[in-house]
file start.txt (compact mmCIF, C-alpha atoms)
# COMPACT_ATOMS: atom_id res chain seq x y z
CA MET A 1 104.98 113.60 111.96
CA MET A 2 107.13 111.68 109.48
CA GLU A 3 107.92 109.15 112.17
CA TRP A 4 104.23 108.64 112.74
CA ILE A 5 103.60 108.13 109.03
CA THR A 6 106.38 105.60 108.55
CA GLN A 7 105.12 103.43 111.41
CA PRO A 8 102.58 100.78 110.40
CA TRP A 9 99.13 102.37 110.61
CA PRO A 10 96.74 100.85 113.17
CA TRP A 11 93.46 99.34 112.05
CA TYR A 12 91.40 102.19 113.48
CA VAL A 13 93.16 104.63 111.16
CA ALA A 14 93.29 102.44 108.04
CA GLY A 15 89.78 100.94 108.28
CA PRO A 16 87.86 104.25 108.36
CA LEU A 17 90.06 105.62 105.54
CA ILE A 18 89.25 102.56 103.42
CA GLY A 19 85.57 102.91 104.34
CA LEU A 20 85.57 106.57 103.23
CA THR A 21 86.36 105.38 99.70
CA VAL A 22 82.70 104.33 99.48
CA PRO A 23 81.18 107.84 99.84
CA ALA A 24 84.14 109.41 97.99
CA LEU A 25 83.43 107.38 94.84
CA LEU A 26 79.68 107.93 95.12
CA ILE A 27 80.01 111.69 95.54
CA LEU A 28 82.77 112.16 92.96
CA GLY A 29 80.87 110.41 90.20
CA ASN A 30 78.15 107.98 91.29
CA LYS A 31 80.62 105.10 91.21
CA THR A 32 80.22 101.92 93.21
CA PHE A 33 83.35 100.73 94.98
CA GLY A 34 84.59 97.48 93.47
CA ILE A 35 88.08 96.42 92.48
CA SER A 36 87.75 92.98 90.90
CA SER A 37 85.65 94.54 88.10
CA SER A 38 88.89 96.03 86.82
CA LEU A 39 90.02 92.51 85.88
CA ARG A 40 86.87 92.08 83.84
CA HIS A 41 87.39 95.42 82.11
CA VAL A 42 90.94 94.39 81.15
CA CYS A 43 89.55 91.17 79.65
CA ALA A 44 86.88 93.16 77.81
CA ALA A 45 89.47 95.60 76.49
CA CYS A 46 92.14 93.07 75.51
CA VAL A 47 90.61 89.64 74.78
CA PRO A 48 86.81 90.00 74.42
CA ALA A 49 86.81 87.17 71.83
CA GLY A 50 83.16 87.82 71.07
CA ILE A 51 82.12 86.52 74.51
CA PRO A 52 78.88 88.23 75.65
CA PHE A 53 80.27 88.60 79.21
CA PHE A 54 83.06 90.78 77.84
CA THR A 55 81.08 92.63 75.20
CA TYR A 56 80.18 95.96 76.71
CA ASN A 57 81.46 99.48 76.55
CA TRP A 58 84.50 99.07 78.80
CA LYS A 59 85.66 102.58 77.89
CA LYS A 60 82.92 103.84 80.17
CA GLU A 61 84.67 102.01 83.02
CA ILE A 62 88.10 103.54 82.49
CA TRP A 63 87.68 105.23 85.88
CA ASN A 64 87.95 101.77 87.49
CA LEU A 65 91.18 101.01 85.61
CA LEU A 66 92.63 104.38 86.63
CA PHE A 67 91.68 103.62 90.22
CA VAL A 68 93.68 100.36 90.23
CA VAL A 69 96.62 102.00 88.46
CA GLY A 70 96.43 104.52 91.29
CA ILE A 71 96.60 101.69 93.84
CA LEU A 72 99.75 100.43 92.13
CA ILE A 73 101.32 103.92 92.20
CA GLY A 74 100.22 104.35 95.82
CA GLY A 75 101.96 101.07 96.66
CA PHE A 76 105.12 102.40 95.04
CA ILE A 77 104.97 105.72 96.90
CA ALA A 78 104.27 104.12 100.28
CA THR A 79 107.10 101.60 99.86
CA SER A 80 109.62 104.05 98.41
CA TYR A 81 109.03 107.11 100.59
CA LEU A 82 106.90 106.18 103.59
CA ALA A 83 108.20 102.71 104.36
CA ASN A 84 108.42 101.34 107.85
CA PRO A 85 112.16 101.14 108.65
CA ASN A 86 111.61 98.17 110.98
CA GLU A 87 110.76 94.58 110.24
CA ILE A 88 107.09 93.66 110.13
CA ILE A 89 105.72 92.47 113.49
CA ILE A 90 103.85 89.19 113.06
CA ALA A 91 101.94 87.33 115.79
CA GLU A 92 104.19 84.79 117.54
CA SER A 93 101.62 82.05 117.07
CA THR A 94 101.42 82.72 113.32
CA ILE A 95 105.22 82.59 113.02
CA ALA A 96 105.20 79.27 114.88
CA ASP A 97 102.49 77.82 112.60
CA LEU A 98 104.16 79.03 109.42
CA THR A 99 107.61 77.88 110.52
CA ALA A 100 106.12 74.41 110.97
CA LEU A 101 104.96 74.65 107.34
CA GLY A 102 108.47 75.53 106.17
CA VAL A 103 108.35 79.35 105.91
CA THR A 104 111.64 80.94 107.04
CA ASP A 105 111.56 84.59 105.90
CA TYR A 106 109.69 86.98 108.20
CA GLY A 107 111.40 90.27 107.36
CA ASN A 108 109.04 91.72 104.75
CA LEU A 109 105.36 91.97 103.90
CA LEU A 110 105.59 88.79 101.81
CA PRO A 111 107.85 85.80 102.55
CA ALA A 112 110.63 85.41 99.98
CA ASP A 113 110.43 81.60 100.40
CA ILE A 114 107.20 81.76 98.42
CA PHE A 115 106.99 85.04 96.53
CA SER A 116 110.17 85.24 94.45
CA TRP A 117 110.98 84.93 90.75
CA GLU A 118 113.13 81.84 91.43
CA ASN A 119 109.94 80.01 92.35
CA LEU A 120 108.15 80.92 89.16
CA PHE A 121 108.75 77.72 87.19
CA THR A 122 108.54 75.43 90.19
CA ALA A 123 105.65 73.62 91.88
CA LYS A 124 105.68 76.39 94.55
CA GLY A 125 105.13 79.05 91.92
CA LEU A 126 102.45 76.98 90.21
CA LEU A 127 100.51 76.71 93.47
CA PHE A 128 100.89 80.22 94.88
CA PHE A 129 100.96 82.35 91.70
CA VAL A 130 99.21 80.40 88.98
CA VAL A 131 96.59 78.40 90.90
CA GLY A 132 96.16 81.05 93.61
CA GLY A 133 95.75 83.89 91.14
CA PHE A 134 93.36 81.87 88.99
CA LEU A 135 91.15 81.09 92.00
CA VAL A 136 91.08 84.78 92.94
CA GLY A 137 90.12 85.90 89.42
CA PHE A 138 87.65 83.12 88.76
CA GLY A 139 86.07 83.21 92.23
CA THR A 140 85.61 86.97 92.44
CA ARG A 141 84.00 87.16 89.03
CA TYR A 142 81.72 84.19 89.74
CA ALA A 143 80.80 85.78 93.09
CA GLY A 144 80.26 89.16 91.40
CA GLY A 145 82.73 90.97 93.61
CA CYS A 146 85.60 90.73 96.04
CA THR A 147 86.37 92.14 99.45
CA SER A 148 85.77 95.68 98.22
CA GLY A 149 82.61 95.10 96.16
CA HIS A 150 80.91 92.70 98.56
CA ALA A 151 82.45 92.91 102.04
CA ILE A 152 82.83 96.70 102.07
CA MET A 153 80.49 98.23 99.44
CA GLY A 154 77.78 95.55 99.61
CA ILE A 155 77.55 95.36 103.39
CA SER A 156 77.85 99.16 103.69
CA SER A 157 74.71 99.43 101.58
CA LEU A 158 73.06 96.75 103.79
CA GLN A 159 72.65 94.07 101.13
CA TRP A 160 72.36 90.59 102.63
CA GLN A 161 73.64 88.98 99.41
CA SER A 162 77.02 90.51 100.17
CA VAL A 163 76.95 89.16 103.73
CA VAL A 164 76.47 85.68 102.24
CA ALA A 165 79.33 86.22 99.77
CA THR A 166 81.62 87.49 102.54
CA MET A 167 80.80 84.48 104.73
CA PHE A 168 81.82 82.16 101.91
CA PHE A 169 85.04 84.14 101.28
CA MET A 170 85.88 83.43 104.92
CA ILE A 171 84.83 79.76 104.78
CA GLY A 172 87.05 79.21 101.72
CA GLY A 173 89.94 80.99 103.43
CA PHE A 174 89.58 79.04 106.67
CA LEU A 175 89.43 75.73 104.79
CA MET A 176 92.53 76.57 102.77
CA THR A 177 94.47 77.79 105.80
CA HIS A 178 93.57 75.06 108.27
CA VAL A 179 93.03 71.99 106.08
CA LEU A 180 94.49 72.29 102.59
CA LEU A 181 97.56 74.49 103.04
CA GLU A 182 99.71 71.96 104.90
CA PRO A 183 99.31 69.05 102.45
CA LEU A 184 99.58 71.41 99.47
CA MET A 185 102.79 72.98 100.79
CA LYS A 186 104.27 69.54 101.40
CA LEU A 187 103.29 68.54 97.90
CA VAL A 188 105.13 71.50 96.33
CA GLY A 189 108.30 70.87 98.31
CA PHE A 190 108.23 72.85 101.56
CA MET B 1 67.60 106.51 84.97
CA LYS B 2 67.34 105.41 81.37
CA VAL B 3 71.03 104.54 81.33
CA ALA B 4 70.77 102.64 84.60
CA GLU B 5 67.92 100.52 83.23
CA LYS B 6 69.83 99.82 80.07
CA ILE B 7 72.87 98.68 82.02
CA GLN B 8 70.85 96.35 84.18
CA VAL B 9 69.23 94.73 81.17
CA GLN B 10 72.47 94.32 79.27
CA ASP B 11 74.65 93.44 82.16
CA PRO B 12 73.00 91.82 85.14
CA HIS B 13 76.27 90.59 86.63
CA CYS B 14 78.19 93.81 86.72
CA GLU B 15 78.53 94.65 90.40
CA ALA B 16 80.16 98.00 89.84
CA PRO B 17 78.12 99.56 87.08
CA ASN B 18 78.79 103.10 86.06
CA LEU B 19 75.57 104.99 86.70
CA ARG B 20 76.73 108.46 85.82
CA ARG B 21 74.73 109.85 82.95
CA ASP B 22 77.55 111.70 81.25
CA HIS B 23 80.97 110.09 81.09
CA ASP B 24 83.91 111.48 82.96
CA LYS B 25 86.33 112.65 80.33
CA GLY B 26 89.96 113.61 80.15
CA LEU B 27 91.34 115.30 83.22
CA GLU B 28 88.14 114.69 85.13
CA LEU B 29 89.18 111.04 85.31
CA LEU B 30 92.32 112.00 87.24
CA LYS B 31 90.31 112.17 90.48
CA TYR B 32 89.96 108.39 90.38
CA LEU B 33 93.69 107.98 89.87
CA ILE B 34 94.36 110.23 92.87
CA LEU B 35 91.82 108.38 95.01
CA GLY B 36 93.47 105.10 93.98
CA ILE B 37 96.89 106.43 94.97
CA LEU B 38 95.63 107.39 98.44
CA PHE B 39 93.95 104.02 98.75
CA GLY B 40 97.13 102.18 97.73
CA ILE B 41 99.14 104.09 100.33
CA VAL B 42 96.68 103.06 103.05
CA PHE B 43 96.88 99.42 101.87
CA VAL B 44 100.64 99.35 102.24
CA LYS B 45 100.86 101.40 105.43
CA ALA B 46 98.27 99.25 107.21
CA GLU B 47 100.08 96.13 105.90
CA VAL B 48 96.79 94.90 104.45
CA ILE B 49 98.80 93.69 101.45
CA SER B 50 100.90 91.39 103.62
CA TRP B 51 100.53 87.63 103.16
CA PHE B 52 101.30 87.35 106.86
CA ARG B 53 98.39 89.60 107.87
CA ILE B 54 95.99 87.41 105.88
CA GLN B 55 97.45 84.28 107.49
CA GLU B 56 96.99 85.88 110.94
CA MET B 57 93.40 86.67 110.03
CA PHE B 58 92.49 83.15 108.89
CA ARG B 59 94.32 81.66 111.88
CA LEU B 60 92.45 84.04 114.24
CA GLN B 61 95.79 85.09 115.67
CA SER B 62 95.48 88.84 115.22
CA PHE B 63 92.64 91.33 115.36
CA HIS B 64 94.24 93.67 112.81
CA MET B 65 92.45 92.61 109.60
CA TYR B 66 89.11 92.21 111.39
CA GLY B 67 89.57 95.71 112.78
CA VAL B 68 90.44 97.13 109.33
CA ILE B 69 87.55 95.48 107.48
CA GLY B 70 85.09 95.96 110.36
CA SER B 71 85.78 99.67 110.84
CA ALA B 72 85.76 100.17 107.03
CA VAL B 73 82.29 98.60 106.87
CA ILE B 74 81.00 100.69 109.80
CA THR B 75 82.36 103.85 108.18
CA GLY B 76 80.71 102.82 104.90
CA ILE B 77 77.34 102.13 106.55
CA ILE B 78 77.34 105.50 108.35
CA SER B 79 78.41 107.33 105.17
CA ILE B 80 75.66 105.78 103.05
CA GLN B 81 73.06 106.49 105.74
CA VAL B 82 74.19 110.13 105.85
CA ILE B 83 74.03 110.34 102.04
CA LYS B 84 70.49 108.94 102.09
CA ARG B 85 69.15 110.95 105.04
CA PHE B 86 70.44 114.27 103.75
CA GLY B 87 69.87 113.51 100.07
CA ILE B 88 73.50 114.31 99.29
CA LYS B 89 74.11 114.53 95.56
CA THR B 90 77.24 113.98 93.48
CA ILE B 91 79.51 116.94 92.75
CA HIS B 92 77.71 117.07 89.37
CA GLY B 93 74.32 117.38 91.10
CA GLU B 94 73.09 113.88 90.25
CA ALA B 95 71.12 111.82 92.75
CA ILE B 96 73.31 109.07 94.18
CA ASN B 97 72.24 105.65 93.01
CA ILE B 98 73.34 102.38 94.61
CA PRO B 99 72.36 99.34 92.54
CA LYS B 100 70.64 96.45 94.28
CA LYS B 101 72.41 93.11 94.19
CA GLU B 102 70.50 89.99 93.25
CA PHE B 103 71.16 86.76 95.02
CA ARG B 104 72.96 84.22 92.83
CA LYS B 105 74.55 80.85 93.56
CA GLY B 106 77.82 82.41 92.49
CA GLN B 107 77.97 84.40 95.69
CA VAL B 108 78.23 81.06 97.51
CA ILE B 109 80.30 78.95 95.08
CA GLY B 110 82.38 81.77 93.63
CA GLY B 111 82.82 83.31 97.06
CA PHE B 112 84.13 80.01 98.39
CA ILE B 113 86.54 79.64 95.44
CA PHE B 114 87.82 83.18 95.94
CA GLY B 115 88.35 82.42 99.65
CA LEU B 116 90.62 79.49 98.76
CA GLY B 117 92.67 81.75 96.51
CA TRP B 118 92.71 84.60 99.02
CA ALA B 119 94.38 82.40 101.66
CA LEU B 120 96.96 81.15 99.13
CA THR B 121 97.94 84.45 97.53
CA GLY B 122 97.36 86.52 100.66
CA ALA B 123 95.69 89.09 98.45
CA CYS B 124 92.35 90.09 97.08
CA PRO B 125 92.43 91.95 93.76
CA GLY B 126 93.15 95.40 95.29
CA PRO B 127 96.24 94.37 97.23
CA LEU B 128 97.58 92.54 94.14
CA PHE B 129 98.07 95.93 92.47
CA ALA B 130 99.60 97.43 95.62
CA GLN B 131 101.99 94.48 95.98
CA ILE B 132 103.21 94.97 92.41
CA GLY B 133 103.67 98.69 93.07
CA SER B 134 105.58 97.87 96.26
CA GLY B 135 108.19 96.07 94.18
CA TYR B 136 106.99 92.46 94.44
CA SER B 137 107.19 92.18 90.68
CA VAL B 138 106.55 88.43 90.61
CA ILE B 139 102.95 89.21 91.65
CA LEU B 140 102.49 90.27 88.02
CA VAL B 141 102.24 86.53 87.36
CA THR B 142 99.48 86.22 89.97
CA LEU B 143 97.68 89.15 88.33
CA VAL B 144 97.90 87.51 84.89
CA SER B 145 96.53 84.29 86.42
CA ALA B 146 93.70 86.27 88.01
CA LEU B 147 92.93 87.79 84.60
CA ALA B 148 92.92 84.27 83.14
CA GLY B 149 90.53 83.14 85.88
CA THR B 150 88.25 86.08 85.15
CA TRP B 151 88.34 85.31 81.42
CA VAL B 152 87.60 81.61 81.90
CA TYR B 153 84.63 82.47 84.10
CA GLY B 154 83.36 84.90 81.46
CA ARG B 155 83.88 82.41 78.65
CA PHE B 156 81.94 79.62 80.37
CA SER B 157 79.67 81.67 82.64
CA ASP B 158 76.53 80.05 81.18
CA LYS B 159 77.86 76.57 82.06
CA PHE B 160 78.11 77.23 85.81
CA PRO B 161 75.09 77.21 88.13
CA ASN B 162 73.90 80.77 88.56
call {"tool": "encode", "arguments": {"input": "start.txt", "output": "structure tokens"}}
result
Amino acid sequence: MMEWITQPWPWYVAGPLIGLTVPALLILGNKTFGISSSLRHVCAACVPAGIPFFTYNWKKEIWNLLFVVGILIGGFIATSYLANPNEIIIAESTIADLTALGVTDYGNLLPADIFSWENLFTAKGLLFFVVGGFLVGFGTRYAGGCTSGHAIMGISSLQWQSVVATMFFMIGGFLMTHVLLEPLMKLVGF
Amino acid sequence: MKVAEKIQVQDPHCEAPNLRRDHDKGLELLKYLILGILFGIVFVKAEVISWFRIQEMFRLQSFHMYGVIGSAVITGIISIQVIKRFGIKTIHGEAINIPKKEFRKGQVIGGFIFGLGWALTGACPGPLFAQIGSGYSVILVTLVSALAGTWVYGRFSDKFPN
């Protein structure tokens, strides 16, 4: 049993479990699944600055903040007690592509070449943490949702607007991966 | 219903409005924390939070992420259809209410911008929290940047095409 849990979970186990979050939130309290909203609630709670977009009763949305704190704790539990003892298995072709871009660390969920504190005040950190994070926060709020709010919740409730949003998430991702990533990584010193 | 109308008037852009009439208070809120914990465990165990898995997805070199998102959507569609067909209510006996989304240009432009960031960071907002919990503490910087991005959008939201 424990051996089964510590193995990486296949998509057909993880996907349905993630999908069940939709009815779970609806039945527990009429809540619509959406994670990027939590970022907005933090802004509203901490730096509303009189901006209409952040002037609402965020205290009513504390459930959403507790949900993301839960995700953080869940990440800690899974990594501390249920971790896969083996190295992550990555597609050979992806390793080849990323090696060509200058990535060398394939042992963990995130490559240490990019995601480490040493990179924080370098061009690499600026690109992957500062610019990347900004695009995620700005883009999800402008789009009115992220993978959870649009791709999962929106499409689950058969709303075509969310299909459009999801298509553009993918277009942006494909463009970054196939066109922009190589020159950008060269630029920051890979 | 009154509350729902009020929210929509005040806050047309909120995609996850809280439609419960009475607020969850105190310990009642713990259920969301527990649900989040379970969700975070699934994120890590299915390696959805891995930068490599997102790279595989955008390079079309693995089915994993398509399988995760696809089967999550199918499960969600079936669940919502079951809720509607059988008129399932919340545990508090309220009718379940799913707000309609309105089409906005932001779903195209903002969606595209998020996609660029998703491929760089290898994370949408949910996995950011799970990565931090998994000990990748530097992702706190990414989270602060994401908060800054959210704030800048909110500050200038009337300047962008909507």
call {"tool": "atom_distance", "arguments": {"input": "start.txt", "atom1": "CA of Leu128 (chain B)", "atom2": "CA of Met57 (chain B)"}}
result
17.4 Å
call {"tool": "closest_residue", "arguments": {"input": "start.txt", "among": "B:Phe43, B:Tyr136, B:Phe86, B:Phe114", "to": "chain A", "atoms": "all atoms listed in the file"}}
result
B:Phe114
call {"tool": "closest_residue", "arguments": {"input": "start.txt", "among": "A:Trp4, A:Phe129, A:Trp160, A:Phe190", "to": "chain B", "atoms": "all atoms listed in the file"}}
result
A:Phe129
call {"tool": "closest_atom_pairs", "arguments": {"input": "start.txt", "of": "region 11-77 of chain B", "to": "region 84-101 of chain A", "cutoff": "8 Å", "atoms": "all atoms listed in the file", "output": "JSON lines"}}
result
{"residue": "B:Lys45", "atom": "CA", "partner": "A:Asn84", "partner_atom": "CA", "distance": 7.9}
{"residue": "B:Phe52", "atom": "CA", "partner": "A:Ile90", "partner_atom": "CA", "distance": 7.0}
{"residue": "B:Arg53", "atom": "CA", "partner": "A:Ile90", "partner_atom": "CA", "distance": 7.5}
{"residue": "B:Gln55", "atom": "CA", "partner": "A:Thr94", "partner_atom": "CA", "distance": 7.2}
{"residue": "B:Glu56", "atom": "CA", "partner": "A:Thr94", "partner_atom": "CA", "distance": 5.9}
{"residue": "B:Arg59", "atom": "CA", "partner": "A:Thr94", "partner_atom": "CA", "distance": 7.3}
{"residue": "B:Gln61", "atom": "CA", "partner": "A:Thr94", "partner_atom": "CA", "distance": 6.5}
{"residue": "B:Ser62", "atom": "CA", "partner": "A:Ala91", "partner_atom": "CA", "distance": 6.7}
call {"tool": "residues_near_point", "arguments": {"input": "start.txt", "point": "(86.9, 92.1, 81.9)", "cutoff": "12 Å", "atoms": "only C-alpha atoms", "output": "PyMOL selection string"}}
result
(chain A and resi 35-49+51-59+61-62+64-65+137-138+140-141+144) or (chain B and resi 13-14+16+146-155)
call {"tool": "write_last_selection", "arguments": {"input": "start.txt", "atoms": "C-alpha atoms", "output": "compact mmCIF listing (two decimals), in the coordinates of the input"}}
result
# COMPACT_ATOMS: atom_id res chain seq x y z
CA ILE A 35 88.08 96.42 92.48
CA SER A 36 87.75 92.98 90.90
CA SER A 37 85.65 94.54 88.10
CA SER A 38 88.89 96.03 86.82
CA LEU A 39 90.02 92.51 85.88
CA ARG A 40 86.87 92.08 83.84
CA HIS A 41 87.39 95.42 82.11
CA VAL A 42 90.94 94.39 81.15
CA CYS A 43 89.55 91.17 79.65
CA ALA A 44 86.88 93.16 77.81
CA ALA A 45 89.47 95.60 76.49
CA CYS A 46 92.14 93.07 75.51
CA VAL A 47 90.61 89.64 74.78
CA PRO A 48 86.81 90.00 74.42
CA ALA A 49 86.81 87.17 71.83
CA ILE A 51 82.12 86.52 74.51
CA PRO A 52 78.88 88.23 75.65
CA PHE A 53 80.27 88.60 79.21
CA PHE A 54 83.06 90.78 77.84
CA THR A 55 81.08 92.63 75.20
CA TYR A 56 80.18 95.96 76.71
CA ASN A 57 81.46 99.48 76.55
CA TRP A 58 84.50 99.07 78.80
CA LYS A 59 85.66 102.58 77.89
CA GLU A 61 84.67 102.01 83.02
CA ILE A 62 88.10 103.54 82.49
CA ASN A 64 87.95 101.77 87.49
CA LEU A 65 91.18 101.01 85.61
CA GLY A 137 90.12 85.90 89.42
CA PHE A 138 87.65 83.12 88.76
CA THR A 140 85.61 86.97 92.44
CA ARG A 141 84.00 87.16 89.03
CA GLY A 144 80.26 89.16 91.40
CA HIS B 13 76.27 90.59 86.63
CA CYS B 14 78.19 93.81 86.72
CA ALA B 16 80.16 98.00 89.84
CA ALA B 146 93.70 86.27 88.01
CA LEU B 147 92.93 87.79 84.60
CA ALA B 148 92.92 84.27 83.14
CA GLY B 149 90.53 83.14 85.88
CA THR B 150 88.25 86.08 85.15
CA TRP B 151 88.34 85.31 81.42
CA VAL B 152 87.60 81.61 81.90
CA TYR B 153 84.63 82.47 84.10
CA GLY B 154 83.36 84.90 81.46
CA ARG B 155 83.88 82.41 78.65
call {"tool": "atom_distance", "arguments": {"input": "start.txt", "atom1": "CA of His64 (chain B)", "atom2": "CA of Gly139 (chain A)"}}
result
24.5 Å
call {"tool": "build_atoms", "arguments": {"input": "start.txt", "residues": "region 166-179 of chain A", "atoms": "N, CA and C atoms", "output": "PDB file, keeping the file's coordinate frame"}}
result
ATOM      1  N   THR A 166      80.496  87.300 101.623  1.00  0.00           N
ATOM      2  CA  THR A 166      81.620  87.490 102.540  1.00  0.00           C
ATOM      3  C   THR A 166      81.806  86.276 103.438  1.00  0.00           C
ATOM      4  N   MET A 167      80.696  85.682 103.890  1.00  0.00           N
ATOM      5  CA  MET A 167      80.800  84.480 104.730  1.00  0.00           C
ATOM      6  C   MET A 167      81.510  83.366 103.961  1.00  0.00           C
ATOM      7  N   PHE A 168      81.190  83.235 102.669  1.00  0.00           N
ATOM      8  CA  PHE A 168      81.820  82.160 101.910  1.00  0.00           C
ATOM      9  C   PHE A 168      83.273  82.493 101.535  1.00  0.00           C
ATOM     10  N   PHE A 169      83.609  83.779 101.418  1.00  0.00           N
ATOM     11  CA  PHE A 169      85.040  84.140 101.280  1.00  0.00           C
ATOM     12  C   PHE A 169      85.788  83.571 102.487  1.00  0.00           C
ATOM     13  N   MET A 170      85.204  83.823 103.677  1.00  0.00           N
ATOM     14  CA  MET A 170      85.880  83.430 104.920  1.00  0.00           C
ATOM     15  C   MET A 170      85.939  81.903 105.049  1.00  0.00           C
ATOM     16  N   ILE A 171      84.836  81.224 104.690  1.00  0.00           N
ATOM     17  CA  ILE A 171      84.830  79.760 104.780  1.00  0.00           C
ATOM     18  C   ILE A 171      85.914  79.179 103.875  1.00  0.00           C
ATOM     19  N   GLY A 172      86.010  79.677 102.639  1.00  0.00           N
ATOM     20  CA  GLY A 172      87.050  79.210 101.720  1.00  0.00           C
ATOM     21  C   GLY A 172      88.439  79.459 102.294  1.00  0.00           C
ATOM     22  N   GLY A 173      88.636  80.633 102.866  1.00  0.00           N
ATOM     23  CA  GLY A 173      89.940  80.990 103.430  1.00  0.00           C
ATOM     24  C   GLY A 173      90.306  80.135 104.630  1.00  0.00           C
ATOM     25  N   PHE A 174      89.316  79.890 105.495  1.00  0.00           N
ATOM     26  CA  PHE A 174      89.580  79.040 106.670  1.00  0.00           C
ATOM     27  C   PHE A 174      89.917  77.616 106.232  1.00  0.00           C
ATOM     28  N   LEU A 175      89.175  77.105 105.252  1.00  0.00           N
ATOM     29  CA  LEU A 175      89.430  75.730 104.790  1.00  0.00           C
ATOM     30  C   LEU A 175      90.835  75.623 104.195  1.00  0.00           C
ATOM     31  N   MET A 176      91.190  76.600 103.363  1.00  0.00           N
ATOM     32  CA  MET A 176      92.530  76.570 102.770  1.00  0.00           C
ATOM     33  C   MET A 176      93.600  76.641 103.862  1.00  0.00           C
ATOM     34  N   THR A 177      93.436  77.572 104.795  1.00  0.00           N
ATOM     35  CA  THR A 177      94.470  77.790 105.800  1.00  0.00           C
ATOM     36  C   THR A 177      94.620  76.592 106.745  1.00  0.00           C
ATOM     37  N   HIS A 178      93.509  76.060 107.203  1.00  0.00           N
ATOM     38  CA  HIS A 178      93.570  75.060 108.270  1.00  0.00           C
ATOM     39  C   HIS A 178      93.599  73.627 107.773  1.00  0.00           C
ATOM     40  N   VAL A 179      93.112  73.379 106.554  1.00  0.00           N
ATOM     41  CA  VAL A 179      93.030  71.990 106.080  1.00  0.00           C
ATOM     42  C   VAL A 179      93.924  71.742 104.871  1.00  0.00           C
TER      43      VAL A 179
END
